[in-house]
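*Asks:* First the structure, which I've put down as structure tokens, then a few questions once you've had a look.
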Amino acid sequence: MSDNILLTTTVGSFGKPDYLTKARGQAARGKLGATELEDLERKATAEWIRRQEDIGLDVLVDGEMYRGDMVAYFAERLEGFKIGGLVRSYGNRYYHKPVIAGKVSRPRPMTVSWFEYAQSLTSKPVKGMLTGPYTLLDWSYNEAYPTRRDAVLALAEIVRDEARDLERAGAKYIQIDEPAIHARPEEIEIAIEAMGIVTAGLSAKTISHICYGDFAAIYPQVLDLPVDQLDLAMANYGYRWLDLFDRNPFTKELAIGIVDVHAHQTETVEEAAEGIRKGLRYVPAPKLWPHPDCGLKTRTVEESVEKCVAVVEATKIVRKELAKVAA
Amino acid sequence: MTLKTTVIGAYPKIGDPLEAQELRRALHRRDRGEIDDGELGKVFDEVTRMAIGEIEAAGVDVTNDGQIRWDDLLSPFARTWSGVQPGPLERFYDNNTYYRQPVIEGRIDTDGRSLVRDYTFARGVAKTTLKAAMPGPLTFATLAARDDHYRSLEDRVLAVADAAAKEIAGLKAAGATMIDIEDPAVVASPKNIELAREAYGRFADPDLALTLVTYFFPPDAVLESLASFPVAAVAIDLRSRDTTAFERLDAFRTQDVVAGVVDARNTRLETADEVARYAERALRLIPEERLVLATTTSLEYLPRDVARAKLAALVQGARLVTGEKVVA
């Protein structure tokens with residue numbers, strides 16, 4: 001049994017080291033320059049690439065040390081957006097919710113240099129990481145476009161251009177996250193249409209991460225989302241979305257969340273392995289990718305590592321089991 | 001006579017200037033063990049005072065306490081009611097805002113005093129009419145992650161309604177006369193409308209002005225049914241999505257209509273003229289004395305400076321209508 005089954009990966013973000021959290025705070029208050037901050041972001045990125053290699057993950061990410069929020073990062077770099085005031089997402093967590101105040105356009109690539117830097121540090125593949133057009137709209141205030149569809153389709157052209165630039169820069173995997181896709185199930189067709197614009201003509205493997213919402217409300221329609229792999233939070237839901245696949249078989253590759261990112265405690269390796277076994281009932285091993293439920297940016301560096309270790313160790317156990325069966 | 005105005009739900013807990021982020025800092029300090037719950041409580045009280053002050057300063061007629069202590073609509077009750085725990089995080093309807101899903105482990109019960117302390121504090125602060133708020137039984141029951149105790153949704157909804165009845169009685173004893181029952185599930189899950197109405201029968205009280213508060217979704221599918229709930233008023237969103245409700249408001253023959261005319265989920269600011277036009281459309285079928293203008297939902301979905309501007313537009317719009325005849 002080769003290692004090309006049950007490839008392990010992560011959803012995108014990791015906990016930031018204390019020195020970077022502190023530096024971002026200083027930069028926000030104008031007490032640290034952009035170059036100094038970027039030096040620290042590059043240092044943290046390099047550390048995370050090394051950690052992922054040490055842990056034994058198969059397909060890596062840059063860890064998003066340079067991003068705060070997955071929508072605001074792009075909004076800050078696109079014309080037409082304003083950065084809005086602070087709104088709460090949960091508990092004591094706040095984010096600057098962007099405002100689409102005019103016609104959107106992309107003056108220059110937004111993620112390519114980070115991808116190139118991260119990829120230069122490792123021989124393992126690094127995913128290009130983008131936020132999808134539907135989520136960019138849904139997590140922003142729209143003051144400019146007459147309808148939500150108009151805004152989503154305009155954003156789709158921007159994400160498409162970024163995805164093509166990532167592919168040109170060598171990305172073999174491009175992840176276009178749509179965690180908001182089930183916000184309004186009646187709009188799933190808009191999200192699908194927009195993703196069609198983004199992924200048309202790409203030869204990279206395309207992935208979309210979906211989490212925290214009523215997945216049942218968009219299943220099986222979401223199978224029409226034009227990407228190769230859906231990346232789903234499962235552990236947080238006790239794997240109940242798998243039951244949906246009984247009636248309507250899952251037809252794509254599945255990146256399956258096997259550790260809950262919102263719990264400080266990490267699942268045992270055996271619990272995580274059981275998550276993989278559950279996934280294998282519906283998706284064959286070459287198409288099943290174990291990973292944490294979601295990005296790990298709300299966890300500390302140590303917690304992030306623990307969660308990833310659980311994923312890798314659980315995968316080793318299940319790979320061995322599969323090898324025995326095959327032997 | 002002026003058209004009355006009110007707010008719905010939660011007010012932004014912090015603002016953008018650093019000096020307006022006291023609560024955020026206090027929560028971090030409590031997490032680090034630098035302050036205790038007593039000191040944190042003082043900050044909660046100060047921010048509650050600020051929220052009520054800002055709502056009143058805008059000229060709003062009926063205020064609430066801004067729900068400053070609430071992490072989400074359900075958690076205050078999932079934490080205090082027996083038989084329930086706050087469970088996993090989930091997105092709250094179509095918002096990029098999360099709540100803890102209640103996990104029901106046993107028979108739900110309460111001493112009915114979950115809100116009494118906060119209500120009493122707010123009453124001491126508010127200069128205008130103060131209303132309290134509770135989650136609706138259908139919303140609480142349908143957003144539960146797990147129920148190990150009740151055999152059906154019906155049993156669960158009615159059990160939550162019985163607990164709500166105790167909270168409502170507790171608030172009444174503390175002096176409350178107006179209580180919002182925030183129940184977006186009534187419009188999100190129209191198929192359960194009859195069950196929801198039965199639940200409201202468990203706490204209906206002719207001496208209390210209860211408002212069935214809906215939001216996020218248009219009321220179109222259930223509008224006439226809402227008019228038959230045993231409540232004094234019904235709040236509906238007339239602003240954020242297309243709706244046929246304007247043409248059907250005469251369904252509310254006795255109840256007040258709390259009309260959501262200022263969009264609390266988009267920063268685009270309504271002008272006072274726009275607000276007045278919405279009010280005038282509603283006034284074609286609802287008399288002035290039974291129409292209350294409101295935000296569509298919690299202002300907490302907006303940055304605080306925008307929330308303030310929205311309240312100003314709401315009040316100015318209501319005043320624009322005053323004394324004017326409805327344009328035919």
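Chain labels run A, B, ... following the order of the structure tokens; each chain numbers its residues from 1, and ligands are numbered from 1 in the order shown.
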Per residue of chain B within 7 Å of chain A, which atom pair is closest and at what distance in Å (one decimal), using only C-alpha atoms, listed by chain and increasing number, as a tab-separated table?

*Replies:*
residue	atom	partner	partner_atom	distance
B:Gly15	CA	A:Leu86	CA	6.9
B:Asp16	CA	A:Leu86	CA	6.0
B:Arg24	CA	A:Asn92	CA	6.1
B:Leu27	CA	A:Asn92	CA	7.0
B:Asp71	CA	A:Gly91	CA	5.4
B:Glu90	CA	A:Tyr212	CA	5.6
B:Arg91	CA	A:Gly213	CA	5.7
B:Tyr93	CA	A:Ala183	CA	6.8
B:Asp94	CA	A:Ala183	CA	4.3
B:Asn95	CA	A:Ala183	CA	7.0
B:Asn96	CA	A:Trp139	CA	6.4
B:Thr97	CA	A:Ser89	CA	4.4
B:Tyr98	CA	A:Tyr90	CA	5.3
B:Tyr99	CA	A:Tyr90	CA	6.9
B:Asn266	CA	A:Tyr141	CA	5.4
B:Thr267	CA	A:Tyr141	CA	6.1
B:Arg268	CA	A:Glu143	CA	5.4
B:Tyr301	CA	A:Val87	CA	6.4
B:Leu302	CA	A:Val87	CA	6.1
B:Pro303	CA	A:Gly85	CA	4.9

*Asks:* Would you save the residues from that selection as an mmCIF file, in the first residue's frame, using N, CA and C atoms?

*Replies:*
data_model
loop_
_atom_site.group_PDB
_atom_site.id
_atom_site.type_symbol
_atom_site.label_atom_id
_atom_site.label_comp_id
_atom_site.auth_asym_id
_atom_site.auth_seq_id
_atom_site.Cartn_x
_atom_site.Cartn_y
_atom_site.Cartn_z
ATOM 1 N N GLY B 15 -16.781 49.365 20.603
ATOM 2 C CA GLY B 15 -16.688 50.246 19.443
ATOM 3 C C GLY B 15 -15.283 50.165 18.876
ATOM 4 N N ASP B 16 -15.025 50.910 17.817
ATOM 5 C CA ASP B 16 -13.701 50.851 17.190
ATOM 6 C C ASP B 16 -12.608 51.592 17.958
ATOM 7 N N ARG B 24 -13.873 44.143 25.901
ATOM 8 C CA ARG B 24 -12.983 43.184 25.243
ATOM 9 C C ARG B 24 -11.721 42.975 26.083
ATOM 10 N N LEU B 27 -12.503 41.029 29.366
ATOM 11 C CA LEU B 27 -12.675 39.583 29.158
ATOM 12 C C LEU B 27 -11.315 38.894 28.969
ATOM 13 N N ASP B 71 -23.556 36.025 25.246
ATOM 14 C CA ASP B 71 -22.696 35.618 24.134
ATOM 15 C C ASP B 71 -23.532 35.391 22.880
ATOM 16 N N GLU B 90 -21.992 26.827 16.424
ATOM 17 C CA GLU B 90 -22.614 26.729 15.102
ATOM 18 C C GLU B 90 -22.934 28.137 14.617
ATOM 19 N N ARG B 91 -23.001 28.274 13.313
ATOM 20 C CA ARG B 91 -23.322 29.573 12.736
ATOM 21 C C ARG B 91 -24.797 29.895 13.025
ATOM 22 N N TYR B 93 -27.994 31.056 12.014
ATOM 23 C CA TYR B 93 -28.715 31.278 10.762
ATOM 24 C C TYR B 93 -27.733 31.743 9.675
ATOM 25 N N ASP B 94 -28.093 32.746 8.893
ATOM 26 C CA ASP B 94 -27.208 33.101 7.777
ATOM 27 C C ASP B 94 -26.268 34.242 8.148
ATOM 28 N N ASN B 95 -25.716 34.177 9.349
ATOM 29 C CA ASN B 95 -24.773 35.208 9.795
ATOM 30 C C ASN B 95 -23.395 34.588 9.968
ATOM 31 N N ASN B 96 -22.378 35.439 9.834
ATOM 32 C CA ASN B 96 -21.033 34.971 10.172
ATOM 33 C C ASN B 96 -20.802 35.225 11.667
ATOM 34 N N THR B 97 -21.758 34.794 12.434
ATOM 35 C CA THR B 97 -21.782 34.964 13.882
ATOM 36 C C THR B 97 -22.209 33.617 14.448
ATOM 37 N N TYR B 98 -21.622 33.250 15.567
ATOM 38 C CA TYR B 98 -21.803 31.881 16.042
ATOM 39 C C TYR B 98 -22.539 31.842 17.376
ATOM 40 N N TYR B 99 -23.128 30.708 17.669
ATOM 41 C CA TYR B 99 -23.782 30.527 18.965
ATOM 42 C C TYR B 99 -23.447 29.122 19.447
ATOM 43 N N ASN B 266 -26.813 45.472 7.313
ATOM 44 C CA ASN B 266 -26.021 46.087 6.244
ATOM 45 C C ASN B 266 -25.653 47.508 6.634
ATOM 46 N N THR B 267 -24.422 47.862 6.315
ATOM 47 C CA THR B 267 -23.935 49.188 6.714
ATOM 48 C C THR B 267 -24.533 50.312 5.868
ATOM 49 N N ARG B 268 -25.103 49.974 4.717
ATOM 50 C CA ARG B 268 -25.675 51.062 3.914
ATOM 51 C C ARG B 268 -26.727 51.767 4.752
ATOM 52 N N TYR B 301 -24.988 43.232 14.708
ATOM 53 C CA TYR B 301 -24.406 42.799 13.439
ATOM 54 C C TYR B 301 -23.686 43.946 12.732
ATOM 55 N N LEU B 302 -23.689 45.105 13.356
ATOM 56 C CA LEU B 302 -23.054 46.287 12.758
ATOM 57 C C LEU B 302 -21.982 46.826 13.700
ATOM 58 N N PRO B 303 -20.980 47.516 13.133
ATOM 59 C CA PRO B 303 -20.057 48.241 14.010
ATOM 60 C C PRO B 303 -20.839 49.290 14.812
#

*Asks:* Give me, as an MDAnalysis selection string, the residues of region 26-129 of chain B that a backbone DSSP run labels alpha helix (DSSP H).

*Replies:* chainID B and resid 26:31 37:57 75:80 116:125

*Asks:* Quick one: residues within 10 Å of region 169-173 of chain B, only C-alpha atoms counted, chain neighbours fewer than 2 positions away excluded, as a list in words?

*Replies:*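 In the requested format, the answer is Asp111, Gly112, Arg113, Ser114, Leu115, Val116, Arg117, Tyr119, Thr120, Lys131, Ala132, Ala133, Ala163, Ala164, Ala165, Lys166, Glu167, Gly175, Ala176, Thr177, Met178, Ile179, Phe203, Asp205, Asp207 and Leu208 of chain B.
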
*Asks:* Between CA of Lys252 (chain A) and CA of Leu230 (chain A), measure the distance and give it in Å to one decimal.

*Replies:*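 Between these atoms lies a distance of 6.8 Å.
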
*Asks:* Please provide the set of residues having any atom within 9 Å of region 74-85 of chain B, restricted to only C-alpha atoms, with same-chain residues fewer than 5 positions apart removed, written as a PyMOL selection string.

*Replies:* chain B and resi 69+99-112+114-115+134-135+139-140+143+149+163

*Asks:* Please write the residues from the selection above to a file, keeping N, CA and C atoms, as a PDB file, in the first residue's frame.

*Replies:*
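The resulting file, out.pdb, is reproduced below:
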ATOM      1  N   ARG B  69     -24.381  41.081  28.329  1.00  0.00           N
ATOM      2  CA  ARG B  69     -23.819  39.879  28.960  1.00  0.00           C
ATOM      3  C   ARG B  69     -24.037  38.612  28.124  1.00  0.00           C
ATOM      4  N   TYR B  99     -23.128  30.708  17.669  1.00  0.00           N
ATOM      5  CA  TYR B  99     -23.782  30.527  18.965  1.00  0.00           C
ATOM      6  C   TYR B  99     -23.447  29.122  19.447  1.00  0.00           C
ATOM      7  N   ARG B 100     -23.648  28.925  20.744  1.00  0.00           N
ATOM      8  CA  ARG B 100     -23.455  27.580  21.287  1.00  0.00           C
ATOM      9  C   ARG B 100     -24.786  26.841  21.191  1.00  0.00           C
ATOM     10  N   GLN B 101     -24.780  25.715  20.525  1.00  0.00           N
ATOM     11  CA  GLN B 101     -26.007  24.934  20.397  1.00  0.00           C
ATOM     12  C   GLN B 101     -26.356  24.312  21.745  1.00  0.00           C
ATOM     13  N   PRO B 102     -27.583  24.492  22.215  1.00  0.00           N
ATOM     14  CA  PRO B 102     -27.944  23.841  23.475  1.00  0.00           C
ATOM     15  C   PRO B 102     -27.911  22.316  23.321  1.00  0.00           C
ATOM     16  N   VAL B 103     -27.415  21.673  24.359  1.00  0.00           N
ATOM     17  CA  VAL B 103     -27.459  20.211  24.407  1.00  0.00           C
ATOM     18  C   VAL B 103     -28.395  19.850  25.560  1.00  0.00           C
ATOM     19  N   ILE B 104     -29.446  19.118  25.263  1.00  0.00           N
ATOM     20  CA  ILE B 104     -30.459  18.819  26.277  1.00  0.00           C
ATOM     21  C   ILE B 104     -30.184  17.434  26.846  1.00  0.00           C
ATOM     22  N   GLU B 105     -29.867  17.432  28.137  1.00  0.00           N
ATOM     23  CA  GLU B 105     -29.445  16.175  28.774  1.00  0.00           C
ATOM     24  C   GLU B 105     -30.477  15.645  29.745  1.00  0.00           C
ATOM     25  N   GLY B 106     -31.457  16.460  30.084  1.00  0.00           N
ATOM     26  CA  GLY B 106     -32.466  16.027  31.057  1.00  0.00           C
ATOM     27  C   GLY B 106     -33.664  16.958  31.003  1.00  0.00           C
ATOM     28  N   ARG B 107     -34.502  16.828  32.006  1.00  0.00           N
ATOM     29  CA  ARG B 107     -35.708  17.653  32.035  1.00  0.00           C
ATOM     30  C   ARG B 107     -35.321  19.131  32.198  1.00  0.00           C
ATOM     31  N   ILE B 108     -35.833  19.982  31.339  1.00  0.00           N
ATOM     32  CA  ILE B 108     -35.504  21.407  31.405  1.00  0.00           C
ATOM     33  C   ILE B 108     -36.292  22.043  32.533  1.00  0.00           C
ATOM     34  N   ASP B 109     -35.569  22.808  33.363  1.00  0.00           N
ATOM     35  CA  ASP B 109     -36.278  23.540  34.413  1.00  0.00           C
ATOM     36  C   ASP B 109     -35.470  24.783  34.791  1.00  0.00           C
ATOM     37  N   THR B 110     -36.151  25.718  35.408  1.00  0.00           N
ATOM     38  CA  THR B 110     -35.498  26.959  35.836  1.00  0.00           C
ATOM     39  C   THR B 110     -36.233  27.527  37.037  1.00  0.00           C
ATOM     40  N   ASP B 111     -35.492  28.330  37.820  1.00  0.00           N
ATOM     41  CA  ASP B 111     -36.168  29.024  38.915  1.00  0.00           C
ATOM     42  C   ASP B 111     -36.830  30.308  38.422  1.00  0.00           C
ATOM     43  N   GLY B 112     -36.688  30.576  37.142  1.00  0.00           N
ATOM     44  CA  GLY B 112     -37.350  31.754  36.570  1.00  0.00           C
ATOM     45  C   GLY B 112     -36.637  33.057  36.891  1.00  0.00           C
ATOM     46  N   SER B 114     -33.365  33.799  35.806  1.00  0.00           N
ATOM     47  CA  SER B 114     -32.147  33.932  34.999  1.00  0.00           C
ATOM     48  C   SER B 114     -31.853  35.380  34.626  1.00  0.00           C
ATOM     49  N   LEU B 115     -32.895  36.171  34.408  1.00  0.00           N
ATOM     50  CA  LEU B 115     -32.692  37.527  33.896  1.00  0.00           C
ATOM     51  C   LEU B 115     -32.989  38.609  34.922  1.00  0.00           C
ATOM     52  N   MET B 134     -36.266  37.384  25.633  1.00  0.00           N
ATOM     53  CA  MET B 134     -36.071  35.935  25.830  1.00  0.00           C
ATOM     54  C   MET B 134     -35.977  35.295  24.444  1.00  0.00           C
ATOM     55  N   PRO B 135     -35.311  34.159  24.317  1.00  0.00           N
ATOM     56  CA  PRO B 135     -35.423  33.422  23.056  1.00  0.00           C
ATOM     57  C   PRO B 135     -36.780  32.722  22.983  1.00  0.00           C
ATOM     58  N   THR B 139     -37.260  28.526  18.460  1.00  0.00           N
ATOM     59  CA  THR B 139     -35.856  28.790  18.128  1.00  0.00           C
ATOM     60  C   THR B 139     -34.939  27.990  19.049  1.00  0.00           C
ATOM     61  N   PHE B 140     -35.190  28.065  20.346  1.00  0.00           N
ATOM     62  CA  PHE B 140     -34.334  27.332  21.288  1.00  0.00           C
ATOM     63  C   PHE B 140     -34.360  25.835  20.973  1.00  0.00           C
ATOM     64  N   LEU B 143     -32.705  24.798  17.544  1.00  0.00           N
ATOM     65  CA  LEU B 143     -31.262  25.011  17.431  1.00  0.00           C
ATOM     66  C   LEU B 143     -30.464  24.125  18.391  1.00  0.00           C
ATOM     67  N   HIS B 149     -33.363  13.722  26.073  1.00  0.00           N
ATOM     68  CA  HIS B 149     -34.437  13.595  27.051  1.00  0.00           C
ATOM     69  C   HIS B 149     -35.839  13.562  26.425  1.00  0.00           C
ATOM     70  N   ALA B 163     -40.403  26.515  30.533  1.00  0.00           N
ATOM     71  CA  ALA B 163     -39.281  27.209  31.198  1.00  0.00           C
ATOM     72  C   ALA B 163     -39.375  28.709  30.920  1.00  0.00           C
TER      73      ALA B 163
END

*Asks:* In Å to one decimal, how far is CA of Thr296 (chain B) from CA of Ala245 (chain B)?

*Replies:*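 According to the coordinates, CA of Ala245 (chain B) and CA of Thr296 (chain B) are separated by 13.8 Å.
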
*Asks:* Which of these, B:Ser240, B:Asn64, B:Gln255, B:Thr142, has the shortest distance to Leu291 (chain B) once you count only C-alpha atoms?

*Replies:* B:Gln255

*Asks:* Just the residues within 8 Å of region 148-165 of chain A, please, counting only C-alpha atoms, with nothing from its chain fewer than 5 positions along; format it as a list of chain:residue names.

*Replies:*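 So, after excluding close chain neighbours, the residues are A:Val104, A:Ser105, A:Arg106, A:Pro109, A:Met110, A:Thr111, A:Val112, A:Gly128, A:Leu130, A:Thr131, A:Gly132, A:Pro133, A:Tyr134, A:Leu136, A:Leu137, A:Asn142, A:Ile174, A:Ile190, A:Ala191, A:Glu193, A:Ala194, A:Met195, A:Ile197, A:Val198, A:Thr199, A:Leu202.
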
*Asks:* Record the distance separating CA of Val227 (chain A) and CA of Ala310 (chain A), expressed in Å with one decimal.

*Replies:* 27.2 Å

*Asks:* Out of region 9-205 of chain A, which residues get strand (DSSP E) from DSSP, as a ChimeraX atom specification?

*Replies:* /A:79-90,93-105,128-131,141-142,173-177,205

*Asks:* Given only C-alpha atoms, how would the per-residue table for region 123-234 of chain A near region 256-259 of chain A read, listing every residue at most 12 Å away with its closest atom pair and distance in Å to one decimal, sorted by chain and number, as a tab-separated table?

*Replies:*
residue	atom	partner	partner_atom	distance
A:Ser208	CA	A:Ile256	CA	11.9
A:His209	CA	A:Ile256	CA	10.0
A:Ile210	CA	A:Gly257	CA	10.5
A:Cys211	CA	A:Gly257	CA	9.5
A:Tyr212	CA	A:Gly257	CA	11.7
A:Gln229	CA	A:Ile256	CA	10.3
A:Leu230	CA	A:Ile256	CA	8.5
A:Asp231	CA	A:Ile256	CA	6.2
A:Leu232	CA	A:Ile256	CA	5.5
A:Ala233	CA	A:Gly257	CA	4.7
A:Met234	CA	A:Gly257	CA	4.9

*Asks:* Lys13 (chain B): which residues within 9 Å, counting only C-alpha atoms, same-chain residues fewer than 3 positions away excluded, as a list of chain:residue names?

*Replies:*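 The neighbour list is A:Val87, A:Arg88, B:Ala10, B:Ala20, B:Gln21, B:Leu23, B:Arg24, B:Val47, B:Thr48, B:Ala51, B:Gly66, B:Gln67, B:Ile68, B:Arg69, B:Glu300, B:Arg304.
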
*Asks:* Can you spit out the residues from that selection as a JSON list (two decimals), in the first residue's frame, using N, CA and C atoms?

*Replies:*
[["chain", "number", "residue", "atom", "x", "y", "z"],
["A", 87, "VAL", "N", -16.93, 43.95, 14.31],
["A", 87, "VAL", "CA", -18.14, 43.23, 14.71],
["A", 87, "VAL", "C", -17.73, 41.90, 15.33],
["A", 88, "ARG", "N", -18.60, 41.40, 16.17],
["A", 88, "ARG", "CA", -18.26, 40.21, 16.95],
["A", 88, "ARG", "C", -18.62, 38.95, 16.17],
["B", 10, "ALA", "N", -29.53, 42.57, 20.54],
["B", 10, "ALA", "CA", -28.27, 42.96, 21.16],
["B", 10, "ALA", "C", -27.70, 44.23, 20.52],
["B", 20, "ALA", "N", -13.29, 52.45, 23.58],
["B", 20, "ALA", "CA", -14.61, 51.83, 23.55],
["B", 20, "ALA", "C", -14.51, 50.31, 23.61],
["B", 21, "GLN", "N", -13.31, 49.80, 23.91],
["B", 21, "GLN", "CA", -13.11, 48.34, 23.91],
["B", 21, "GLN", "C", -12.84, 47.79, 25.31],
["B", 23, "LEU", "N", -14.72, 46.28, 27.44],
["B", 23, "LEU", "CA", -15.23, 44.94, 27.73],
["B", 23, "LEU", "C", -14.33, 43.87, 27.11],
["B", 24, "ARG", "N", -13.87, 44.14, 25.90],
["B", 24, "ARG", "CA", -12.98, 43.18, 25.24],
["B", 24, "ARG", "C", -11.72, 42.98, 26.08],
["B", 47, "VAL", "N", -20.84, 48.83, 30.56],
["B", 47, "VAL", "CA", -21.13, 48.78, 29.12],
["B", 47, "VAL", "C", -22.64, 48.74, 28.90],
["B", 48, "THR", "N", -23.36, 48.08, 29.80],
["B", 48, "THR", "CA", -24.83, 48.08, 29.71],
["B", 48, "THR", "C", -25.36, 49.52, 29.85],
["B", 51, "ALA", "N", -24.75, 51.27, 26.64],
["B", 51, "ALA", "CA", -25.65, 50.85, 25.56],
["B", 51, "ALA", "C", -27.03, 51.50, 25.72],
["B", 66, "GLY", "N", -29.51, 45.94, 25.81],
["B", 66, "GLY", "CA", -28.43, 45.70, 24.86],
["B", 66, "GLY", "C", -27.84, 44.30, 24.92],
["B", 67, "GLN", "N", -28.35, 43.47, 25.85],
["B", 67, "GLN", "CA", -27.88, 42.06, 25.96],
["B", 67, "GLN", "C", -26.36, 41.98, 26.01],
["B", 68, "ILE", "N", -25.76, 42.89, 26.76],
["B", 68, "ILE", "CA", -24.30, 42.97, 26.79],
["B", 68, "ILE", "C", -23.67, 41.72, 27.41],
["B", 69, "ARG", "N", -24.38, 41.08, 28.33],
["B", 69, "ARG", "CA", -23.82, 39.88, 28.96],
["B", 69, "ARG", "C", -24.04, 38.61, 28.12],
["B", 300, "GLU", "N", -26.18, 44.43, 16.82],
["B", 300, "GLU", "CA", -24.84, 43.90, 17.04],
["B", 300, "GLU", "C", -24.21, 43.35, 15.77],
["B", 304, "ARG", "N", -20.32, 49.65, 15.98],
["B", 304, "ARG", "CA", -21.12, 50.49, 16.87],
["B", 304, "ARG", "C", -21.42, 51.87, 16.26]]

*Asks:* Quick one: everything within 8 Å of Cys308 (chain A), counting only C-alpha atoms, minus sequence neighbours fewer than 6 positions away in the same chain. Send it as a PyMOL selection string.

*Replies:* chain A and resi 10+55+57+291-292

*Asks:* Could you save the residues just selected, with C-alpha atoms, as an mmCIF file, in the first residue's frame?

*Replies:*
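Contents of the output file out07.cif:
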data_model
loop_
_atom_site.group_PDB
_atom_site.id
_atom_site.type_symbol
_atom_site.label_atom_id
_atom_site.label_comp_id
_atom_site.auth_asym_id
_atom_site.auth_seq_id
_atom_site.Cartn_x
_atom_site.Cartn_y
_atom_site.Cartn_z
ATOM 1 C CA THR A 10 -4.829 20.915 6.928
ATOM 2 C CA ILE A 55 4.727 16.144 11.834
ATOM 3 C CA LEU A 57 1.710 16.016 6.808
ATOM 4 C CA HIS A 291 -7.391 16.711 8.282
ATOM 5 C CA PRO A 292 -8.647 18.917 11.128
#
